[in-house]
>>> print(open('model.pdb').read())   # PDB, C-alpha atoms and all ligand atoms
ATOM      1  CA  MET A   1       9.120  12.063  15.251  1.00  0.00           C
ATOM      2  CA  THR A   2       5.632  10.538  15.183  1.00  0.00           C
ATOM      3  CA  ASN A   3       4.400  12.857  17.947  1.00  0.00           C
ATOM      4  CA  ARG A   4       5.651  15.852  16.084  1.00  0.00           C
ATOM      5  CA  MET A   5       3.591  14.874  13.043  1.00  0.00           C
ATOM      6  CA  SER A   6       0.367  13.991  14.780  1.00  0.00           C
ATOM      7  CA  SER A   7      -1.254  17.279  15.754  1.00  0.00           C
ATOM      8  CA  VAL A   8      -3.194  19.299  13.211  1.00  0.00           C
ATOM      9  CA  ARG A   9      -1.826  22.806  12.635  1.00  0.00           C
ATOM     10  CA  ILE A  10      -4.448  25.548  12.823  1.00  0.00           C
ATOM     11  CA  ILE A  11      -4.783  28.650  10.639  1.00  0.00           C
ATOM     12  CA  GLY A  12      -2.268  31.230  11.782  1.00  0.00           C
ATOM     13  CA  ASP A  13       0.531  28.656  11.895  1.00  0.00           C
ATOM     14  CA  PRO A  14       3.162  29.828   9.379  1.00  0.00           C
ATOM     15  CA  VAL A  15       3.776  26.274   8.067  1.00  0.00           C
ATOM     16  CA  LEU A  16       0.323  26.367   6.436  1.00  0.00           C
ATOM     17  CA  ARG A  17       1.494  29.289   4.295  1.00  0.00           C
ATOM     18  CA  LYS A  18       4.732  27.804   2.994  1.00  0.00           C
ATOM     19  CA  LYS A  19       5.146  26.310  -0.481  1.00  0.00           C
ATOM     20  CA  SER A  20       5.996  22.649   0.051  1.00  0.00           C
ATOM     21  CA  VAL A  21       8.934  20.920  -1.600  1.00  0.00           C
ATOM     22  CA  PRO A  22       8.798  17.710  -3.695  1.00  0.00           C
ATOM     23  CA  LEU A  23       9.779  14.376  -2.164  1.00  0.00           C
ATOM     24  CA  VAL A  24      12.599  12.305  -3.614  1.00  0.00           C
ATOM     25  CA  PHE A  25      12.598   8.551  -4.331  1.00  0.00           C
ATOM     26  CA  PRO A  26      14.193   6.461  -2.977  1.00  0.00           C
ATOM     27  CA  ASP A  27      15.993   8.873  -0.590  1.00  0.00           C
ATOM     28  CA  ASN A  28      12.871   9.920   1.324  1.00  0.00           C
ATOM     29  CA  VAL A  29      11.188   6.499   1.533  1.00  0.00           C
ATOM     30  CA  GLN A  30      11.676   6.001   5.264  1.00  0.00           C
ATOM     31  CA  TYR A  31      10.565   9.532   6.062  1.00  0.00           C
ATOM     32  CA  ILE A  32       7.502   9.084   3.814  1.00  0.00           C
ATOM     33  CA  ASN A  33       6.505   5.895   5.630  1.00  0.00           C
ATOM     34  CA  THR A  34       6.768   7.543   9.035  1.00  0.00           C
ATOM     35  CA  LEU A  35       4.897  10.612   7.850  1.00  0.00           C
ATOM     36  CA  VAL A  36       2.071   8.664   6.208  1.00  0.00           C
ATOM     37  CA  LYS A  37       1.570   6.476   9.279  1.00  0.00           C
ATOM     38  CA  ALA A  38       1.327   9.536  11.527  1.00  0.00           C
ATOM     39  CA  MET A  39      -0.984  11.336   9.120  1.00  0.00           C
ATOM     40  CA  GLN A  40      -3.312   8.351   8.787  1.00  0.00           C
ATOM     41  CA  ASN A  41      -3.699   8.177  12.561  1.00  0.00           C
ATOM     42  CA  THR A  42      -4.322  11.908  12.712  1.00  0.00           C
ATOM     43  CA  LEU A  43      -6.902  11.791   9.919  1.00  0.00           C
ATOM     44  CA  GLU A  44      -8.728   8.934  11.594  1.00  0.00           C
ATOM     45  CA  VAL A  45      -8.904  10.743  14.941  1.00  0.00           C
ATOM     46  CA  ALA A  46      -9.906  14.051  13.346  1.00  0.00           C
ATOM     47  CA  GLU A  47     -12.495  12.315  11.121  1.00  0.00           C
ATOM     48  CA  GLY A  48     -11.567  14.255   8.007  1.00  0.00           C
ATOM     49  CA  LEU A  49     -11.655  13.226   4.347  1.00  0.00           C
ATOM     50  CA  GLY A  50      -8.130  14.284   3.529  1.00  0.00           C
ATOM     51  CA  LEU A  51      -4.986  15.662   5.090  1.00  0.00           C
ATOM     52  CA  ALA A  52      -1.961  17.401   3.575  1.00  0.00           C
ATOM     53  CA  ALA A  53       1.542  17.169   5.035  1.00  0.00           C
ATOM     54  CA  PRO A  54       1.769  20.893   5.920  1.00  0.00           C
ATOM     55  CA  GLN A  55      -1.238  20.373   8.192  1.00  0.00           C
ATOM     56  CA  VAL A  56       0.969  18.255  10.447  1.00  0.00           C
ATOM     57  CA  GLY A  57       3.870  20.674  10.123  1.00  0.00           C
ATOM     58  CA  GLU A  58       5.768  19.001   7.263  1.00  0.00           C
ATOM     59  CA  SER A  59       6.425  21.185   4.230  1.00  0.00           C
ATOM     60  CA  VAL A  60       6.504  18.408   1.630  1.00  0.00           C
ATOM     61  CA  ARG A  61       4.308  17.614  -1.369  1.00  0.00           C
ATOM     62  CA  LEU A  62       2.201  14.770  -0.019  1.00  0.00           C
ATOM     63  CA  PHE A  63      -1.430  14.376   0.913  1.00  0.00           C
ATOM     64  CA  ILE A  64      -3.606  11.470   1.952  1.00  0.00           C
ATOM     65  CA  ALA A  65      -7.271  10.630   1.516  1.00  0.00           C
ATOM     66  CA  VAL A  66      -9.428   8.614   3.865  1.00  0.00           C
ATOM     67  CA  PRO A  67      -9.426   4.989   2.649  1.00  0.00           C
ATOM     68  CA  ASN A  68     -12.468   3.273   1.133  1.00  0.00           C
ATOM     69  CA  TYR A  69     -14.694   6.312   0.976  1.00  0.00           C
ATOM     70  CA  LEU A  70     -14.342   7.935  -2.422  1.00  0.00           C
ATOM     71  CA  GLU A  71     -14.691   5.265  -5.086  1.00  0.00           C
ATOM     72  CA  GLU A  72     -13.301   7.553  -7.794  1.00  0.00           C
ATOM     73  CA  LEU A  73      -9.896   7.539  -6.129  1.00  0.00           C
ATOM     74  CA  ASN A  74      -9.649   3.924  -7.230  1.00  0.00           C
ATOM     75  CA  GLY A  75      -8.116   2.754  -3.946  1.00  0.00           C
ATOM     76  CA  HIS A  76      -5.423   5.444  -3.891  1.00  0.00           C
ATOM     77  CA  VAL A  77      -4.843   6.949  -0.471  1.00  0.00           C
ATOM     78  CA  VAL A  78      -1.350   8.480  -0.720  1.00  0.00           C
ATOM     79  CA  PHE A  79      -0.577  11.193  -3.286  1.00  0.00           C
ATOM     80  CA  ILE A  80       3.050  12.265  -3.567  1.00  0.00           C
ATOM     81  CA  ASN A  81       4.303  15.157  -5.738  1.00  0.00           C
ATOM     82  CA  PRO A  82       0.856  15.516  -7.313  1.00  0.00           C
ATOM     83  CA  GLU A  83       0.429  17.441 -10.548  1.00  0.00           C
ATOM     84  CA  ILE A  84      -3.069  18.529 -11.410  1.00  0.00           C
ATOM     85  CA  GLN A  85      -5.016  19.773 -14.371  1.00  0.00           C
ATOM     86  CA  PRO A  86      -8.433  21.100 -13.338  1.00  0.00           C
ATOM     87  CA  TYR A  87     -11.066  21.286 -16.046  1.00  0.00           C
ATOM     88  CA  GLY A  88     -14.800  21.203 -16.645  1.00  0.00           C
ATOM     89  CA  GLU A  89     -17.493  23.465 -15.316  1.00  0.00           C
ATOM     90  CA  MET A  90     -17.283  25.388 -12.103  1.00  0.00           C
ATOM     91  CA  GLU A  91     -19.212  23.703  -9.309  1.00  0.00           C
ATOM     92  CA  LYS A  92     -20.379  25.017  -5.972  1.00  0.00           C
ATOM     93  CA  ARG A  93     -19.799  22.760  -2.991  1.00  0.00           C
ATOM     94  CA  GLU A  94     -19.478  23.182   0.759  1.00  0.00           C
ATOM     95  CA  GLU A  95     -15.928  22.905   2.049  1.00  0.00           C
ATOM     96  CA  GLY A  96     -14.316  22.662   5.420  1.00  0.00           C
ATOM     97  CA  CYS A  97     -10.765  22.133   6.633  1.00  0.00           C
ATOM     98  CA  LEU A  98      -9.277  20.467   9.699  1.00  0.00           C
ATOM     99  CA  SER A  99      -6.944  23.466   9.987  1.00  0.00           C
ATOM    100  CA  ILE A 100      -9.916  25.865  10.145  1.00  0.00           C
ATOM    101  CA  PRO A 101     -12.239  24.040  12.555  1.00  0.00           C
ATOM    102  CA  GLY A 102     -15.877  25.065  12.683  1.00  0.00           C
ATOM    103  CA  ILE A 103     -15.916  26.953   9.391  1.00  0.00           C
ATOM    104  CA  TYR A 104     -17.804  25.517   6.419  1.00  0.00           C
ATOM    105  CA  GLU A 105     -18.476  27.596   3.330  1.00  0.00           C
ATOM    106  CA  VAL A 106     -19.751  27.035  -0.184  1.00  0.00           C
ATOM    107  CA  LEU A 107     -16.955  27.531  -2.669  1.00  0.00           C
ATOM    108  CA  SER A 108     -16.816  27.355  -6.463  1.00  0.00           C
ATOM    109  CA  ARG A 109     -14.097  25.211  -8.078  1.00  0.00           C
ATOM    110  CA  HIS A 110     -13.599  23.162 -11.231  1.00  0.00           C
ATOM    111  CA  SER A 111     -15.749  20.034 -11.191  1.00  0.00           C
ATOM    112  CA  GLN A 112     -13.108  17.728 -12.709  1.00  0.00           C
ATOM    113  CA  VAL A 113      -9.397  17.228 -12.348  1.00  0.00           C
ATOM    114  CA  LYS A 114      -6.699  15.059 -13.879  1.00  0.00           C
ATOM    115  CA  VAL A 115      -4.102  14.006 -11.327  1.00  0.00           C
ATOM    116  CA  LYS A 116      -0.622  12.569 -11.791  1.00  0.00           C
ATOM    117  CA  ALA A 117       1.143  11.471  -8.624  1.00  0.00           C
ATOM    118  CA  ARG A 118       3.307   8.814  -7.019  1.00  0.00           C
ATOM    119  CA  ASP A 119       2.105   6.326  -4.438  1.00  0.00           C
ATOM    120  CA  ILE A 120       3.889   5.397  -1.207  1.00  0.00           C
ATOM    121  CA  LEU A 121       6.211   3.035  -3.148  1.00  0.00           C
ATOM    122  CA  GLY A 122       7.088   5.733  -5.651  1.00  0.00           C
ATOM    123  CA  ASN A 123       4.995   4.237  -8.456  1.00  0.00           C
ATOM    124  CA  LYS A 124       3.414   6.766 -10.782  1.00  0.00           C
ATOM    125  CA  PHE A 125      -0.322   6.737 -11.309  1.00  0.00           C
ATOM    126  CA  THR A 126      -2.908   8.912 -12.987  1.00  0.00           C
ATOM    127  CA  LEU A 127      -6.542   9.551 -12.135  1.00  0.00           C
ATOM    128  CA  ASP A 128      -9.343  11.536 -13.676  1.00  0.00           C
ATOM    129  CA  VAL A 129     -11.869  12.436 -11.010  1.00  0.00           C
ATOM    130  CA  SER A 130     -14.978  14.539 -10.515  1.00  0.00           C
ATOM    131  CA  GLY A 131     -17.382  15.555  -7.748  1.00  0.00           C
ATOM    132  CA  LEU A 132     -16.238  15.191  -4.157  1.00  0.00           C
ATOM    133  CA  ALA A 133     -13.016  13.408  -5.164  1.00  0.00           C
ATOM    134  CA  ALA A 134     -12.046  16.324  -7.441  1.00  0.00           C
ATOM    135  CA  ARG A 135     -12.864  18.736  -4.654  1.00  0.00           C
ATOM    136  CA  LEU A 136     -10.668  16.848  -2.224  1.00  0.00           C
ATOM    137  CA  VAL A 137      -7.710  16.795  -4.633  1.00  0.00           C
ATOM    138  CA  LEU A 138      -7.991  20.530  -5.403  1.00  0.00           C
ATOM    139  CA  HIS A 139      -8.306  21.399  -1.704  1.00  0.00           C
ATOM    140  CA  GLU A 140      -5.298  19.268  -0.686  1.00  0.00           C
ATOM    141  CA  VAL A 141      -3.036  20.458  -3.517  1.00  0.00           C
ATOM    142  CA  ASP A 142      -3.829  24.046  -2.464  1.00  0.00           C
ATOM    143  CA  HIS A 143      -2.388  23.167   0.965  1.00  0.00           C
ATOM    144  CA  LEU A 144       0.884  22.178  -0.705  1.00  0.00           C
ATOM    145  CA  ASP A 145       1.065  25.675  -2.182  1.00  0.00           C
ATOM    146  CA  GLY A 146       0.251  27.448   1.080  1.00  0.00           C
ATOM    147  CA  ILE A 147      -3.346  28.211   0.085  1.00  0.00           C
ATOM    148  CA  LEU A 148      -6.331  27.692   2.418  1.00  0.00           C
ATOM    149  CA  PHE A 149      -9.892  27.395   1.144  1.00  0.00           C
ATOM    150  CA  VAL A 150     -10.975  30.583   2.897  1.00  0.00           C
ATOM    151  CA  ASP A 151      -8.498  32.477   0.677  1.00  0.00           C
ATOM    152  CA  ARG A 152     -10.699  31.557  -2.282  1.00  0.00           C
ATOM    153  CA  LEU A 153     -13.918  32.965  -0.818  1.00  0.00           C
ATOM    154  CA  SER A 154     -15.337  36.276  -1.991  1.00  0.00           C
ATOM    155  CA  PRO A 155     -14.089  39.395  -0.179  1.00  0.00           C
ATOM    156  CA  ILE A 156     -17.533  39.766   1.420  1.00  0.00           C
ATOM    157  CA  LYS A 157     -17.543  36.222   2.809  1.00  0.00           C
ATOM    158  CA  ARG A 158     -13.974  36.641   4.026  1.00  0.00           C
ATOM    159  CA  LYS A 159     -14.940  39.827   5.791  1.00  0.00           C
ATOM    160  CA  LEU A 160     -17.833  38.055   7.519  1.00  0.00           C
ATOM    161  CA  LEU A 161     -15.479  35.323   8.731  1.00  0.00           C
ATOM    162  CA  ARG A 162     -12.769  37.674   9.910  1.00  0.00           C
ATOM    163  CA  GLY A 163     -13.766  37.553  13.592  1.00  0.00           C
ATOM    164  CA  LYS A 164     -14.036  33.756  13.699  1.00  0.00           C
ATOM    165  CA  ILE A 165     -10.681  33.309  11.968  1.00  0.00           C
ATOM    166  CA  LYS A 166      -9.036  35.818  14.273  1.00  0.00           C
ATOM    167  CA  ARG A 167     -10.227  33.807  17.271  1.00  0.00           C
ATOM    168  CA  LEU A 168      -8.874  30.590  15.735  1.00  0.00           C
ATOM    169  CA  LYS A 169      -5.512  32.251  15.155  1.00  0.00           C
ATOM    170  CA  GLU A 170      -5.403  33.429  18.753  1.00  0.00           C
ATOM    171  CA  ASP A 171      -6.261  30.030  20.200  1.00  0.00           C
ATOM    172  CA  ARG A 172      -4.676  27.335  18.069  1.00  0.00           C
ATOM    173  CA  SER A 173      -5.007  24.639  20.731  1.00  0.00           C
ATOM    174  CA  VAL A 174      -8.289  23.227  19.407  1.00  0.00           C
ATOM    175  CA  TYR A 175      -7.004  19.671  19.060  1.00  0.00           C
TER     176      TYR A 175
HETATM  177 ZN    ZN B   1      -7.684  21.592   4.462  1.00  0.00          ZN
END
>>> encode(input="model.pdb", output="structure tokens")
Amino acid sequence: MTNRMSSVRIIGDPVLRKKSVPLVFPDNVQYINTLVKAMQNTLEVAEGLGLAAPQVGESVRLFIAVPNYLEELNGHVVFINPEIQPYGEMEKREEGCLSIPGIYEVLSRHSQVKVKARDILGNKFTLDVSGLAARLVLHEVDHLDGILFVDRLSPIKRKLLRGKIKRLKEDRSVY
């Protein structure tokens, strides 16, 4: 099971386009533990800031953040069944994605977001974050809805990236 969850799925993989389903407590606790362990290893190896379950092939509403990096996350690393409320001004920021290696683009998103989620034990928590932490949350929750950051780029930017993305889709064995 762990092997299955440890390679990062690349754009073109249909699992990245599925809408993920909520996790259930306490029924899914063992599965959640296995999944989180695998995802944390994967994130460490890939050196990313965050990773959503669909990126390792699991269509469930869970994402993780790299520990001890974004202070605003208040020590939270596992976000289960997150509900978000973006607000504030639009902010431009460069984004990348482990599922779209080599592509980094400036994208405009809300600068702040309120998050409600459960941690790995099923405890509910809320956060109100801005800056890079808000960006991470918005990016990862998009994954749970089958949305990739390149979908949010302008038609012109998307057109410019078409060749690169086509090559990634053809050769998904980057990792
Ligand atoms: Zn991503």
>>> closest_residue(input="model.pdb", among="A:Leu121, A:Val45, A:Leu138, A:Val21", to="ligand ZN 1 (chain B)", atoms="only C-alpha atoms and all ligand atoms")
A:Leu138
>>> residues_near_ligand(input="model.pdb", ligand="ligand ZN 1 (chain B)", cutoff="9 Å", atoms="all atoms listed in the file", output="PyMOL selection string")
chain A and resi 50-52+55+95-100+136+139-140+142-143+148-149
>>> write_last_selection(input="model.pdb", atoms="C-alpha atoms", output="PDB file, keeping the file's coordinate frame")
ATOM      1  CA  GLY A  50      -8.130  14.284   3.529  1.00  0.00           C
ATOM      2  CA  LEU A  51      -4.986  15.662   5.090  1.00  0.00           C
ATOM      3  CA  ALA A  52      -1.961  17.401   3.575  1.00  0.00           C
ATOM      4  CA  GLN A  55      -1.238  20.373   8.192  1.00  0.00           C
ATOM      5  CA  GLU A  95     -15.928  22.905   2.049  1.00  0.00           C
ATOM      6  CA  GLY A  96     -14.316  22.662   5.420  1.00  0.00           C
ATOM      7  CA  CYS A  97     -10.765  22.133   6.633  1.00  0.00           C
ATOM      8  CA  LEU A  98      -9.277  20.467   9.699  1.00  0.00           C
ATOM      9  CA  SER A  99      -6.944  23.466   9.987  1.00  0.00           C
ATOM     10  CA  ILE A 100      -9.916  25.865  10.145  1.00  0.00           C
ATOM     11  CA  LEU A 136     -10.668  16.848  -2.224  1.00  0.00           C
ATOM     12  CA  HIS A 139      -8.306  21.399  -1.704  1.00  0.00           C
ATOM     13  CA  GLU A 140      -5.298  19.268  -0.686  1.00  0.00           C
ATOM     14  CA  ASP A 142      -3.829  24.046  -2.464  1.00  0.00           C
ATOM     15  CA  HIS A 143      -2.388  23.167   0.965  1.00  0.00           C
ATOM     16  CA  LEU A 148      -6.331  27.692   2.418  1.00  0.00           C
ATOM     17  CA  PHE A 149      -9.892  27.395   1.144  1.00  0.00           C
TER      18      PHE A 149
END
>>> closest_residue(input="model.pdb", among="A:Asp151, A:Asp128, A:Asp119, A:Glu71", to="Val36 in chain A", atoms="only C-alpha atoms")
A:Asp119
>>> residues_around(input="model.pdb", residues="Leu107 in chain A", least_positions_apart="3", cutoff="9 Å", atoms="only C-alpha atoms", output="list in words")
Glu91, Lys92, Arg93, Glu94, Glu95, Phe149, Val150, Arg152, Leu153 and Ser154 of chain A
>>> resolve_selection(input="model.pdb", expression="the PyMOL selection byres (((chain A and resi 53) around 12) and not hetatm)", output="JSON, numbers by chain")
{"A": [4, 5, 6, 7, 8, 9, 15, 16, 18, 19, 20, 21, 22, 23, 31, 32, 34, 35, 36, 37, 38, 39, 40, 42, 43, 50, 51, 52, 54, 55, 56, 57, 58, 59, 60, 61, 62, 63, 64, 65, 78, 79, 80, 81, 99, 140, 141, 142, 143, 144, 145, 146]}
>>> atom_distance(input="model.pdb", atom1="CA of Gly48 in chain A", atom2="CA of Ser130 in chain A")
18.8 Å
>>> residues_around(input="model.pdb", residues="Leu73 in chain A", least_positions_apart="4", cutoff="9 Å", atoms="all atoms listed in the file", output="PyMOL selection string")
chain A and resi 65+68-69+77+127-129+133
>>> closest_residue(input="model.pdb", among="A:Ile84, A:Ile147, A:Arg118, A:Val137", to="Val66 in chain A", atoms="only C-alpha atoms")
A:Val137
>>> atom_distance(input="model.pdb", atom1="CA of Glu83 in chain A", atom2="CA of Lys114 in chain A")
8.2 Å
>>> closest_residue(input="model.pdb", among="A:Leu161, A:Ala117, A:Ile156, A:Ala134", to="Tyr104 in chain A", atoms="all atoms listed in the file")
A:Leu161
>>> closest_residue(input="model.pdb", among="A:Pro101, A:Pro82, A:Pro67, A:Pro14", to="Phe125 in chain A", atoms="all atoms listed in the file")
A:Pro82
>>> resolve_selection(input="model.pdb", expression="the PyMOL selection byres (((chain A and resi 112) around 7) and not hetatm)", output="list in words")
Pro86, Tyr87, Gly88, His110, Ser111, Val113, Val129, Ser130, Gly131 and Ala134 of chain A
>>> atom_distance(input="model.pdb", atom1="CA of Gly102 in chain A", atom2="CA of His76 in chain A")
27.7 Å
>>> axis_aligned_box(input="model.pdb", around="range 98-101 of chain A", padding_each_side="5 Å", output="AutoDock Vina command-line options")
--center_x -9.6 --center_y 23.2 --center_z 11.1 --size_x 15.3 --size_y 15.4 --size_z 12.9
>>> closest_residue(input="model.pdb", among="A:Lys116, A:Arg172, A:Ile165, A:Arg135", to="Ile103 in chain A", atoms="all atoms listed in the file")
A:Ile165
>>> residues_around(input="model.pdb", residues="Pro26 in chain A", least_positions_apart="3", cutoff="9 Å", atoms="all atoms listed in the file", output="compact mmCIF listing (two decimals) with C-alpha atoms, in the coordinates of the input")
# COMPACT_ATOMS: atom_id res chain seq x y z
CA VAL A 29 11.19 6.50 1.53
CA GLN A 30 11.68 6.00 5.26
CA LEU A 121 6.21 3.04 -3.15
CA GLY A 122 7.09 5.73 -5.65
>>> build_atoms(input="model.pdb", residues="range 39-51 of chain A", atoms="N, CA and C atoms", output="compact mmCIF listing (two decimals), keeping the file's coordinate frame")
# COMPACT_ATOMS: atom_id res chain seq x y z
N MET A 39 0.13 10.59 9.71
CA MET A 39 -0.98 11.34 9.12
C MET A 39 -2.26 10.50 9.08
N GLN A 40 -2.12 9.21 8.82
CA GLN A 40 -3.31 8.35 8.79
C GLN A 40 -3.98 8.26 10.16
N ASN A 41 -3.14 8.16 11.20
CA ASN A 41 -3.70 8.18 12.56
C ASN A 41 -4.42 9.49 12.84
N THR A 42 -3.77 10.58 12.46
CA THR A 42 -4.32 11.91 12.71
C THR A 42 -5.65 12.08 11.98
N LEU A 43 -5.69 11.65 10.73
CA LEU A 43 -6.90 11.79 9.92
C LEU A 43 -8.05 10.97 10.51
N GLU A 44 -7.71 9.79 11.01
CA GLU A 44 -8.73 8.93 11.59
C GLU A 44 -9.32 9.58 12.85
N VAL A 45 -8.45 10.10 13.70
CA VAL A 45 -8.90 10.74 14.94
C VAL A 45 -9.73 11.99 14.63
N ALA A 46 -9.25 12.78 13.66
CA ALA A 46 -9.91 14.05 13.35
C ALA A 46 -11.16 13.85 12.50
N GLU A 47 -11.34 12.65 11.95
CA GLU A 47 -12.50 12.32 11.12
C GLU A 47 -12.64 13.23 9.92
N GLY A 48 -11.53 13.46 9.23
CA GLY A 48 -11.57 14.26 8.01
C GLY A 48 -11.58 13.36 6.78
N LEU A 49 -11.69 13.98 5.61
CA LEU A 49 -11.66 13.23 4.35
C LEU A 49 -10.25 13.19 3.75
N GLY A 50 -9.48 14.22 4.06
CA GLY A 50 -8.13 14.28 3.53
C GLY A 50 -7.24 15.11 4.44
N LEU A 51 -5.94 14.94 4.25
CA LEU A 51 -4.99 15.66 5.09
C LEU A 51 -3.70 15.87 4.29
